[in-house]
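Engineer: File follows, structure.cif with mmCIF, C-alpha atoms and all ligand atoms:
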data_final
#
loop_
_atom_site.label_atom_id
_atom_site.label_comp_id
_atom_site.auth_asym_id
_atom_site.auth_seq_id
_atom_site.Cartn_x
_atom_site.Cartn_y
_atom_site.Cartn_z
CA MET A 95 -16.61 -29.39 -2.49
CA SER A 96 -17.36 -26.28 -0.41
CA GLN A 97 -17.92 -23.37 -2.78
CA ARG A 98 -15.33 -20.61 -2.45
CA ILE A 99 -16.66 -17.12 -1.71
CA SER A 100 -16.05 -14.64 -4.53
CA LEU A 101 -14.94 -11.05 -3.92
CA THR A 102 -18.39 -9.93 -5.12
CA ARG A 103 -20.16 -12.10 -2.55
CA TYR A 104 -17.78 -10.97 0.21
CA LEU A 105 -18.48 -7.33 -0.58
CA VAL A 106 -22.26 -7.88 -0.88
CA GLU A 107 -22.21 -9.51 2.55
CA GLN A 108 -20.10 -6.69 3.97
CA GLN A 109 -22.75 -4.36 2.57
CA ARG A 110 -25.87 -6.37 3.44
CA VAL A 111 -25.00 -8.32 6.56
CA ASP A 112 -22.64 -5.92 8.31
CA GLY A 113 -24.10 -2.73 6.83
CA HIS A 114 -20.48 -1.88 6.62
CA ILE A 115 -20.07 -0.55 3.13
CA PRO A 116 -22.48 1.50 1.01
CA SER A 117 -23.26 0.23 -2.50
CA GLN A 118 -21.13 2.98 -4.10
CA LEU A 119 -18.07 1.79 -2.15
CA ARG A 120 -18.81 -1.82 -3.03
CA LEU A 121 -18.94 -0.85 -6.72
CA LEU A 122 -15.70 1.12 -6.37
CA LEU A 123 -13.87 -1.88 -4.91
CA GLU A 124 -15.23 -4.23 -7.58
CA VAL A 125 -14.03 -1.84 -10.29
CA VAL A 126 -10.57 -1.50 -8.72
CA ALA A 127 -10.31 -5.30 -8.51
CA ARG A 128 -11.28 -5.61 -12.18
CA ALA A 129 -8.62 -3.03 -13.09
CA CYS A 130 -6.05 -5.03 -11.11
CA LYS A 131 -6.97 -8.11 -13.14
CA SER A 132 -6.20 -6.18 -16.34
CA ILE A 133 -2.91 -4.92 -14.90
CA SER A 134 -2.04 -8.49 -13.88
CA GLN A 135 -2.58 -9.67 -17.44
CA ALA A 136 -0.30 -6.92 -18.80
CA VAL A 137 2.38 -7.70 -16.19
CA ASN A 138 2.16 -11.44 -16.90
CA LYS A 139 2.74 -10.87 -20.62
CA GLY A 140 6.12 -9.23 -19.89
CA ALA A 141 8.40 -9.17 -22.92
CA LEU A 142 5.72 -10.89 -25.01
CA GLY A 143 3.53 -7.84 -24.60
CA GLY A 144 6.27 -5.33 -25.34
CA VAL A 145 5.55 -3.73 -21.95
CA LEU A 146 8.97 -3.98 -20.30
CA GLY A 147 11.55 -1.28 -20.05
CA SER A 148 11.45 2.48 -19.61
CA ALA A 149 8.79 4.75 -21.06
CA GLY A 150 11.44 7.43 -21.60
CA SER A 151 9.70 9.87 -19.25
CA GLU A 152 9.85 10.91 -15.58
CA ASN A 153 7.01 11.12 -13.05
CA VAL A 154 6.31 13.91 -10.59
CA GLN A 155 8.76 12.26 -8.22
CA GLY A 156 11.54 12.67 -10.77
CA GLU A 157 11.71 8.90 -11.20
CA VAL A 158 12.06 7.20 -14.59
CA GLN A 159 8.66 5.83 -15.58
CA LYS A 160 8.44 2.25 -16.79
CA LYS A 161 6.01 1.47 -19.62
CA LEU A 162 3.96 -0.62 -17.18
CA ASP A 163 3.74 2.31 -14.71
CA ILE A 164 1.91 4.30 -17.37
CA ILE A 165 -0.20 1.36 -18.54
CA ALA A 166 -1.30 0.58 -14.98
CA ASN A 167 -2.13 4.22 -14.31
CA GLU A 168 -4.23 4.45 -17.48
CA VAL A 169 -6.06 1.20 -16.67
CA LEU A 170 -7.05 2.49 -13.23
CA ILE A 171 -8.18 5.89 -14.55
CA GLU A 172 -10.23 4.42 -17.42
CA ALA A 173 -11.81 1.76 -15.23
CA ASN A 174 -12.89 4.17 -12.49
CA GLU A 175 -13.85 7.45 -14.17
CA TRP A 176 -17.27 6.50 -15.60
CA GLY A 177 -18.90 4.54 -12.76
CA GLY A 178 -20.38 7.45 -10.79
CA HIS A 179 -18.73 6.34 -7.53
CA LEU A 180 -15.76 8.73 -7.63
CA ALA A 181 -15.30 12.49 -7.55
CA ALA A 182 -11.57 12.43 -8.29
CA MET A 183 -8.40 10.35 -8.27
CA ALA A 184 -4.74 10.88 -7.35
CA SER A 185 -1.78 8.79 -8.45
CA GLU A 186 1.95 8.58 -7.86
CA GLU A 187 2.26 8.90 -11.64
CA MET A 188 0.31 12.16 -11.94
CA ASP A 189 1.38 15.59 -10.64
CA GLY A 190 -2.10 16.88 -9.81
CA ILE A 191 -5.45 15.26 -9.02
CA TYR A 192 -7.62 13.81 -11.80
CA LEU A 193 -11.20 15.11 -11.72
CA VAL A 194 -13.90 12.78 -13.05
CA PRO A 195 -14.90 14.35 -16.41
CA ASN A 196 -18.19 16.27 -16.42
CA ARG A 197 -19.66 13.79 -18.92
CA TYR A 198 -19.79 11.24 -16.11
CA PRO A 199 -21.78 11.38 -12.83
CA GLN A 200 -19.79 12.46 -9.77
CA GLY A 201 -19.56 10.18 -6.75
CA GLU A 202 -18.66 10.73 -3.11
CA TYR A 203 -15.30 8.95 -2.98
CA LEU A 204 -11.70 9.87 -3.65
CA LEU A 205 -9.36 7.13 -4.91
CA LEU A 206 -5.59 7.33 -4.48
CA PHE A 207 -3.13 4.80 -5.84
CA ASP A 208 0.40 3.82 -6.63
CA PRO A 209 -0.48 2.03 -9.86
CA LEU A 210 2.59 -0.17 -9.96
CA ASP A 211 4.76 -0.19 -6.85
CA GLY A 212 8.20 -1.75 -7.08
CA SER A 213 8.84 -0.70 -10.67
CA SER A 214 12.56 -1.41 -10.36
CA ASN A 215 11.57 -5.08 -10.20
CA ILE A 216 9.44 -5.17 -13.35
CA ASP A 217 12.22 -6.06 -15.80
CA VAL A 218 13.68 -8.75 -13.52
CA ASN A 219 10.40 -10.61 -12.99
CA VAL A 220 10.13 -9.98 -9.24
CA SER A 221 6.73 -9.40 -7.57
CA ILE A 222 5.24 -5.90 -7.93
CA GLY A 223 1.82 -4.53 -7.11
CA THR A 224 -0.89 -1.88 -7.08
CA ILE A 225 -1.61 -0.04 -3.81
CA PHE A 226 -4.87 1.87 -3.30
CA SER A 227 -6.56 4.00 -0.67
CA VAL A 228 -10.16 5.29 -0.54
CA LEU A 229 -11.30 8.48 1.20
CA LYS A 230 -14.67 10.20 1.27
CA LYS A 231 -15.06 13.58 -0.38
CA PRO A 232 -15.40 16.16 2.43
CA GLU A 233 -19.06 16.90 3.26
CA ASP A 234 -18.55 20.65 3.15
CA ASN A 235 -17.32 20.35 -0.38
CA ASN A 236 -19.68 22.77 -2.14
CA GLY A 237 -18.06 22.72 -5.52
CA GLY A 238 -15.45 20.93 -7.48
CA VAL A 239 -12.95 18.72 -5.70
CA GLU A 240 -9.56 20.28 -5.05
CA GLU A 241 -6.23 18.82 -3.97
CA LYS A 242 -6.84 19.98 -0.39
CA ASP A 243 -9.85 17.63 -0.22
CA PHE A 244 -7.40 14.70 -0.46
CA LEU A 245 -5.24 15.95 2.43
CA GLN A 246 -6.92 13.81 5.10
CA PRO A 247 -5.16 11.66 7.73
CA GLY A 248 -4.97 7.93 7.04
CA SER A 249 -7.45 7.33 9.88
CA ASN A 250 -10.12 8.72 7.52
CA GLN A 251 -9.70 5.89 5.00
CA VAL A 252 -12.87 3.90 4.30
CA ALA A 253 -11.09 1.18 2.31
CA ALA A 254 -7.48 0.27 1.51
CA GLY A 255 -5.65 -2.55 -0.16
CA TYR A 256 -3.17 -3.80 -2.67
CA CYS A 257 -2.94 -6.33 -5.44
CA ILE A 258 0.33 -8.24 -5.66
CA TYR A 259 1.40 -9.59 -9.05
CA GLY A 260 3.56 -12.54 -8.08
CA PRO A 261 3.36 -16.33 -8.49
CA GLN A 262 -0.29 -15.73 -7.62
CA THR A 263 -2.23 -12.52 -8.23
CA THR A 264 -3.67 -11.73 -4.80
CA LEU A 265 -5.90 -8.87 -3.71
CA VAL A 266 -5.61 -7.89 -0.02
CA LEU A 267 -8.31 -5.60 1.32
CA THR A 268 -9.72 -3.94 4.42
CA VAL A 269 -12.91 -1.94 4.84
CA GLY A 270 -12.25 -1.58 8.57
CA ASP A 271 -13.45 -5.04 9.57
CA GLY A 272 -10.16 -6.97 9.47
CA VAL A 273 -8.05 -7.98 6.48
CA ALA A 274 -9.14 -10.42 3.77
CA MET A 275 -7.10 -12.01 0.98
CA PHE A 276 -8.51 -12.96 -2.45
CA THR A 277 -6.58 -15.06 -4.96
CA LEU A 278 -7.27 -14.63 -8.68
CA ASP A 279 -8.78 -17.81 -10.12
CA ARG A 280 -7.70 -17.39 -13.73
CA GLU A 281 -9.98 -20.17 -14.96
CA GLN A 282 -13.02 -18.36 -13.55
CA GLY A 283 -11.47 -14.91 -14.11
CA SER A 284 -12.50 -13.84 -10.61
CA PHE A 285 -10.94 -13.19 -7.20
CA VAL A 286 -11.94 -15.77 -4.58
CA LEU A 287 -11.60 -15.50 -0.80
CA THR A 288 -8.61 -17.53 0.35
CA GLN A 289 -7.97 -16.03 3.79
CA GLU A 290 -9.75 -13.63 6.15
CA ASN A 291 -9.12 -12.03 9.56
CA LEU A 292 -5.37 -12.10 8.96
CA ARG A 293 -3.32 -11.61 12.15
CA ILE A 294 0.31 -10.46 12.29
CA PRO A 295 2.25 -12.16 15.15
CA GLU A 296 3.21 -9.51 17.72
CA ASP A 297 6.82 -10.77 17.78
CA THR A 298 9.13 -11.70 14.93
CA LYS A 299 12.65 -12.73 14.00
CA GLU A 300 12.59 -11.20 10.54
CA PHE A 301 13.38 -7.63 9.55
CA ALA A 302 13.17 -5.90 6.16
CA ILE A 303 15.36 -2.88 5.47
CA ASN A 304 17.80 -1.81 2.73
CA MET A 305 21.07 -2.51 4.58
CA SER A 306 23.13 -0.59 1.99
CA ASN A 307 21.85 2.61 3.62
CA MET A 308 23.16 1.69 7.09
CA ARG A 309 25.79 4.46 7.26
CA HIS A 310 23.04 7.03 6.59
CA TRP A 311 20.59 5.92 9.30
CA ASP A 312 19.72 7.80 12.47
CA ALA A 313 20.89 6.36 15.79
CA PRO A 314 17.61 4.64 16.87
CA VAL A 315 17.39 2.66 13.62
CA LYS A 316 21.09 1.76 13.75
CA ARG A 317 20.68 0.61 17.38
CA TYR A 318 17.71 -1.60 16.53
CA ILE A 319 19.40 -3.26 13.54
CA ASP A 320 22.73 -3.68 15.40
CA GLU A 321 20.83 -5.50 18.17
CA CYS A 322 19.13 -7.77 15.60
CA LEU A 323 22.52 -8.52 13.98
CA ALA A 324 24.06 -9.32 17.39
CA GLY A 325 21.70 -12.31 17.55
CA THR A 326 21.75 -14.72 20.50
CA GLU A 327 24.89 -13.11 21.96
CA GLY A 328 23.28 -9.67 21.89
CA PRO A 329 20.59 -7.92 23.96
CA ARG A 330 17.78 -9.53 21.96
CA GLY A 331 18.98 -13.05 22.83
CA LYS A 332 17.78 -14.45 19.51
CA ASP A 333 18.98 -14.63 15.92
CA PHE A 334 17.16 -12.64 13.23
CA ASN A 335 16.65 -13.20 9.50
CA MET A 336 16.62 -10.43 6.88
CA ARG A 337 14.54 -9.96 3.75
CA TRP A 338 14.50 -6.99 1.33
CA ILE A 339 12.57 -7.38 -1.94
CA ALA A 340 12.65 -3.64 -2.81
CA SER A 341 8.94 -3.96 -3.54
CA MET A 342 6.88 -2.68 -0.61
CA VAL A 343 3.86 -4.68 -1.70
CA ALA A 344 5.85 -7.95 -1.58
CA ASP A 345 7.52 -7.16 1.76
CA VAL A 346 4.21 -6.14 3.35
CA HIS A 347 2.50 -9.24 1.92
CA ARG A 348 5.11 -11.43 3.62
CA ILE A 349 4.59 -9.56 6.90
CA LEU A 350 0.80 -9.92 6.70
CA THR A 351 1.31 -13.62 5.99
CA ARG A 352 3.96 -14.54 8.61
CA GLY A 353 4.96 -11.44 10.57
CA GLY A 354 8.09 -9.28 10.46
CA ILE A 355 9.07 -5.63 10.57
CA PHE A 356 9.50 -3.39 7.49
CA MET A 357 11.52 -0.19 7.74
CA TYR A 358 12.20 2.58 5.27
CA PRO A 359 13.41 5.26 7.72
CA TRP A 360 14.59 8.80 7.20
CA ASP A 361 18.28 8.90 6.34
CA LYS A 362 21.02 11.43 5.78
CA ARG A 363 21.16 11.03 1.99
CA GLU A 364 18.35 13.56 1.47
CA PRO A 365 17.95 15.06 4.96
CA HIS A 366 15.25 17.51 3.80
CA LYS A 367 12.95 14.59 2.91
CA PRO A 368 11.18 12.81 5.84
CA GLY A 369 11.62 9.48 4.02
CA LYS A 370 11.39 7.82 0.60
CA LEU A 371 7.89 6.31 0.68
CA ARG A 372 4.74 8.33 0.04
CA LEU A 373 2.24 8.91 2.79
CA MET A 374 -1.06 9.15 0.91
CA TYR A 375 -0.90 6.10 -1.39
CA GLU A 376 1.77 3.84 0.15
CA ALA A 377 2.17 4.34 3.93
CA ASN A 378 -1.48 5.10 4.75
CA PRO A 379 -3.08 2.12 2.99
CA MET A 380 -0.34 -0.27 4.11
CA GLY A 381 -0.42 1.18 7.62
CA TRP A 382 -4.18 0.62 7.93
CA LEU A 383 -3.94 -2.95 6.58
CA VAL A 384 -1.19 -3.73 9.09
CA GLU A 385 -3.15 -2.21 12.00
CA GLN A 386 -6.30 -4.07 10.95
CA ALA A 387 -4.24 -7.28 11.16
CA GLY A 388 -3.06 -6.49 14.71
CA GLY A 389 0.26 -4.87 13.76
CA ALA A 390 1.49 -1.29 14.14
CA ALA A 391 2.72 1.45 11.80
CA THR A 392 4.62 4.58 12.83
CA ASN A 393 7.07 7.09 11.36
CA GLY A 394 9.31 6.55 14.39
CA HIS A 395 7.52 9.24 16.36
CA GLN A 396 3.79 8.92 15.76
CA ARG A 397 1.14 6.61 14.29
CA ILE A 398 1.24 6.95 10.51
CA LEU A 399 -2.56 7.13 10.30
CA ASP A 400 -2.55 10.19 12.58
CA ILE A 401 -0.26 12.26 10.34
CA GLN A 402 -2.04 15.30 8.90
CA PRO A 403 -0.86 15.54 5.26
CA THR A 404 0.21 18.92 3.86
CA GLN A 405 1.06 17.82 0.32
CA LEU A 406 -0.41 15.18 -2.00
CA HIS A 407 2.92 13.50 -2.72
CA GLU A 408 4.57 14.00 0.63
CA ARG A 409 6.98 11.37 1.83
CA VAL A 410 7.24 9.72 5.22
CA SER A 411 9.51 7.47 7.24
CA VAL A 412 7.88 4.03 7.59
CA ILE A 413 8.24 1.45 10.37
CA LEU A 414 5.48 -1.18 10.25
CA GLY A 415 4.68 -4.80 11.07
CA SER A 416 4.80 -6.93 14.23
CA LYS A 417 3.50 -4.73 17.02
CA ASN A 418 6.16 -5.38 19.67
CA GLU A 419 9.03 -4.73 17.26
CA VAL A 420 7.49 -1.51 15.91
CA GLU A 421 6.94 -0.31 19.47
CA ARG A 422 10.56 -1.12 20.33
CA VAL A 423 11.95 0.91 17.39
CA THR A 424 9.53 3.76 18.09
CA GLY A 425 10.59 3.67 21.74
CA TYR A 426 14.25 4.03 20.73
CA HIS A 427 13.30 7.19 18.81
CA SER A 428 11.67 8.68 21.90
CA LYS A 429 14.87 8.15 23.90
CA VAL A 430 16.94 10.30 21.53
P1 LIG A 501 15.22 0.96 -2.50
C1 LIG A 501 9.83 0.77 -4.83
O1 LIG A 501 10.48 1.69 -5.69
C2 LIG A 501 9.69 1.43 -3.46
O2 LIG A 501 8.93 2.59 -3.56
C3 LIG A 501 9.06 0.44 -2.48
O3 LIG A 501 8.18 -0.42 -3.09
C4 LIG A 501 10.29 -0.29 -1.93
O4 LIG A 501 10.08 -0.78 -0.61
C5 LIG A 501 11.37 0.78 -1.95
O5 LIG A 501 10.98 1.74 -2.94
C6 LIG A 501 12.71 0.20 -2.33
O6 LIG A 501 13.65 1.26 -2.24
O7 LIG A 501 15.89 2.26 -2.09
O8 LIG A 501 15.61 -0.19 -1.62
O9 LIG A 501 15.34 0.64 -3.97
#
Please express the file's structure as structure tokens.
Ligand code: P6P
Structural biologist:
Amino acid sequence: MSQRISLTRYLVEQQRVDGHIPSQLRLLLEVVARACKSISQAVNKGALGGVLGSAGSENVQGEVQKKLDIIANEVLIEANEWGGHLAAMASEEMDGIYLVPNRYPQGEYLLLFDPLDGSSNIDVNVSIGTIFSVLKKPEDNNGGVEEKDFLQPGSNQVAAGYCIYGPQTTLVLTVGDGVAMFTLDREQGSFVLTQENLRIPEDTKEFAINMSNMRHWDAPVKRYIDECLAGTEGPRGKDFNMRWIASMVADVHRILTRGGIFMYPWDKREPHKPGKLRLMYEANPMGWLVEQAGGAATNGHQRILDIQPTQLHERVSVILGSKNEVERVTGYHSKV
């Protein structure tokens, strides 16, 4: 039987053969993957582990924190702070950045994450996941890392990925050389390569959006969805299917696997906010993965990876997936 390639071997080869990733980044990604395995075990325990339900606190976003949100955040912090590969971390669950304690060596990377995306699905046993993004500490950084050092456009990412905790636990990763998928082999306790060079079909018949917000959408989004709903009798001349898992990791995983378009656009409910999803640790990593797989990711007006962040937890409108569909929706915005 042909031996499957482990995540470790894949990363060693990316480091050795392609000279693509320095050893510190390889170590970082191995540590993140190990942390995701621990989170997967906690998620899989569910009620048996006493980890379901609310933690009785709110995060910086003003959202109720689930027990597993806090557990996942702590697992990622504890796994990454001692290795010497990081200078600091940022998380959806923490207001400010987390500096690596002085008792540990400082590294050259910054790690950002949404420790458990899709929390509303935890208690109903629907797929959730961890999203992560890796930046380099700015060269001119002559002292301690500050929040402004994280405020880099998504095009600066050196690695990005997610781990989805579903029927399988699957790690999906890019270091800028395409997208690879690793499935957790629980008998071995390691991630093994199950797919590489993923490609998103440029066309699709499947859209993902929360339809209950329709009356709040802007005209370009409403036009696009109306045309999809009109099906074969409408301007698109084909019928569409709809999916909405309310877990970005699961919706993006489907799109990376079989195509589709995912939209969480700006809407009139909170007009002062550009969107619901966060730029630094949701839209940027997912946008890079999608682009690396031949798809596109915009905020309706510009490429997500070109957005210059001004705040660590800033939100953004997200339209990503099959290239031709994203370009169509983005084109409708330019005609307004
Ligand atoms: P809604 C999960 O809370 C999340 O941040 C994304 O994972 C998901 O796509 C979206 O929010 C779901 O939002 O408004 O449909 O519940």
Engineer: List all protein, DNA and RNA residues that have any atom at most 8 Å from ligand LIG 501 (chain A), counting all atoms listed in the file, and write the list as number ranges by chain.
Structural biologist: A: 211-214, 222, 303-304, 338-343, 345, 358, 370-372
Engineer: I'd like the neighbourhood of Glu376 of chain A as number ranges by chain, where a residue qualifies if any of its atoms comes within 8 Å (using all atoms listed in the file), though same-chain residues fewer than 5 positions away should be ignored.
Structural biologist: A: 207-208, 225-226, 371
Engineer: So what do you get for atom CA of Thr351 of chain A versus atom CA of Leu383 of chain A, distance-wise?
Structural biologist: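 Taking atom CA of Thr351 of chain A and atom CA of Leu383 of chain A, their separation equals 11.9 Å.
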Engineer: Would you tabulate, counting all atoms listed in the file, all residues of segment 255-342 of chain A that have an atom at most 12 Å from an atom of segment 137-157 of chain A, showing the closest pair of atoms and their distance in Å to one decimal, sorted by chain then ascending number, as CSV?
Structural biologist:
residue,atom,partner,partner_atom,distance
A:Ile258,CA,A:Val137,CA,10.7
A:Tyr259,CA,A:Val137,CA,7.5
A:Gly260,CA,A:Asn138,CA,9.0
A:Pro261,CA,A:Asn138,CA,9.8
A:Gln262,CA,A:Asn138,CA,10.5
A:Thr263,CA,A:Asn138,CA,9.8
A:Arg280,CA,A:Asn138,CA,11.9
Engineer: Taking into account all atoms listed in the file, which residue in the set A:Ile115, A:Val423, A:Tyr192, A:Asp234 is nearest to Cys322 of chain A?
Structural biologist: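 Closest residue, counting all atoms listed in the file: A:Val423.
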Engineer: Counting all atoms listed in the file, what is within 12 Å of Thr102 of chain A, bar same-chain residues fewer than 2 positions away, as a PDB file with C-alpha atoms, in the frame of the given file?
Structural biologist:
ATOM      1  CA  ARG A  98     -15.330 -20.610  -2.450  1.00  0.00           C
ATOM      2  CA  ILE A  99     -16.660 -17.120  -1.710  1.00  0.00           C
ATOM      3  CA  SER A 100     -16.050 -14.640  -4.530  1.00  0.00           C
ATOM      4  CA  TYR A 104     -17.780 -10.970   0.210  1.00  0.00           C
ATOM      5  CA  LEU A 105     -18.480  -7.330  -0.580  1.00  0.00           C
ATOM      6  CA  VAL A 106     -22.260  -7.880  -0.880  1.00  0.00           C
ATOM      7  CA  GLU A 107     -22.210  -9.510   2.550  1.00  0.00           C
ATOM      8  CA  GLN A 108     -20.100  -6.690   3.970  1.00  0.00           C
ATOM      9  CA  GLN A 109     -22.750  -4.360   2.570  1.00  0.00           C
ATOM     10  CA  ARG A 110     -25.870  -6.370   3.440  1.00  0.00           C
ATOM     11  CA  SER A 117     -23.260   0.230  -2.500  1.00  0.00           C
ATOM     12  CA  ARG A 120     -18.810  -1.820  -3.030  1.00  0.00           C
ATOM     13  CA  LEU A 121     -18.940  -0.850  -6.720  1.00  0.00           C
ATOM     14  CA  LEU A 122     -15.700   1.120  -6.370  1.00  0.00           C
ATOM     15  CA  LEU A 123     -13.870  -1.880  -4.910  1.00  0.00           C
ATOM     16  CA  GLU A 124     -15.230  -4.230  -7.580  1.00  0.00           C
ATOM     17  CA  VAL A 125     -14.030  -1.840 -10.290  1.00  0.00           C
ATOM     18  CA  ALA A 127     -10.310  -5.300  -8.510  1.00  0.00           C
ATOM     19  CA  ARG A 128     -11.280  -5.610 -12.180  1.00  0.00           C
ATOM     20  CA  PHE A 276      -8.510 -12.960  -2.450  1.00  0.00           C
ATOM     21  CA  SER A 284     -12.500 -13.840 -10.610  1.00  0.00           C
ATOM     22  CA  PHE A 285     -10.940 -13.190  -7.200  1.00  0.00           C
ATOM     23  CA  VAL A 286     -11.940 -15.770  -4.580  1.00  0.00           C
ATOM     24  CA  LEU A 287     -11.600 -15.500  -0.800  1.00  0.00           C
TER      25      LEU A 287
END
Engineer: Could you check how far atom CA of Leu414 of chain A sits from atom CA of Cys130 of chain A, in Å to one decimal?
Structural biologist: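 Those two atoms sit 24.6 Å apart.
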Engineer: Just need the box for segment 311-328 of chain A, edges along x, y and z, holding every atom the file lists for it with 4 Å tacked onto each side, so centre and edge lengths in Å to one decimal, as lines of an AutoDock Vina configuration file.
Structural biologist:
center_x = 21.1
center_y = -3.5
center_z = 15.6
size_x = 15.5
size_y = 30.5
size_z = 20.7
Engineer: Work out how far atom CA of Val111 of chain A is from atom CA of Thr288 of chain A, in Å to one decimal.
Structural biologist: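 About the pair atom CA of Thr288 of chain A and atom CA of Val111 of chain A: they are 19.8 Å apart.
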Engineer: Restricting the calculation to only C-alpha atoms: of A:Lys417, A:His114, A:Arg409, A:His395, which residue gets closest to Met374 of chain A?
Structural biologist: A:Arg409
Engineer: I'd like to know which of A:Gly113, A:Gly389, A:Gly237, A:Pro247 is closest to Gly415 of chain A, using only C-alpha atoms.
Structural biologist: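 For Gly415 of chain A, the nearest of the given residues is A:Gly389.
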Engineer: Within 12 Å of Gln118 of chain A, counting only C-alpha atoms, which residues qualify if same-chain residues fewer than 5 places away don't, as a VMD selection string?
Structural biologist: chain A and resid 105 to 106 109 123 to 125 174 177 to 181 200 to 204 228 230 252
Engineer: Excluding same-chain residues fewer than 3 positions from Leu210 of chain A, what lies within 6 Å of it counting all atoms listed in the file, as a ChimeraX atom specification?
Structural biologist: /A:163,223-224
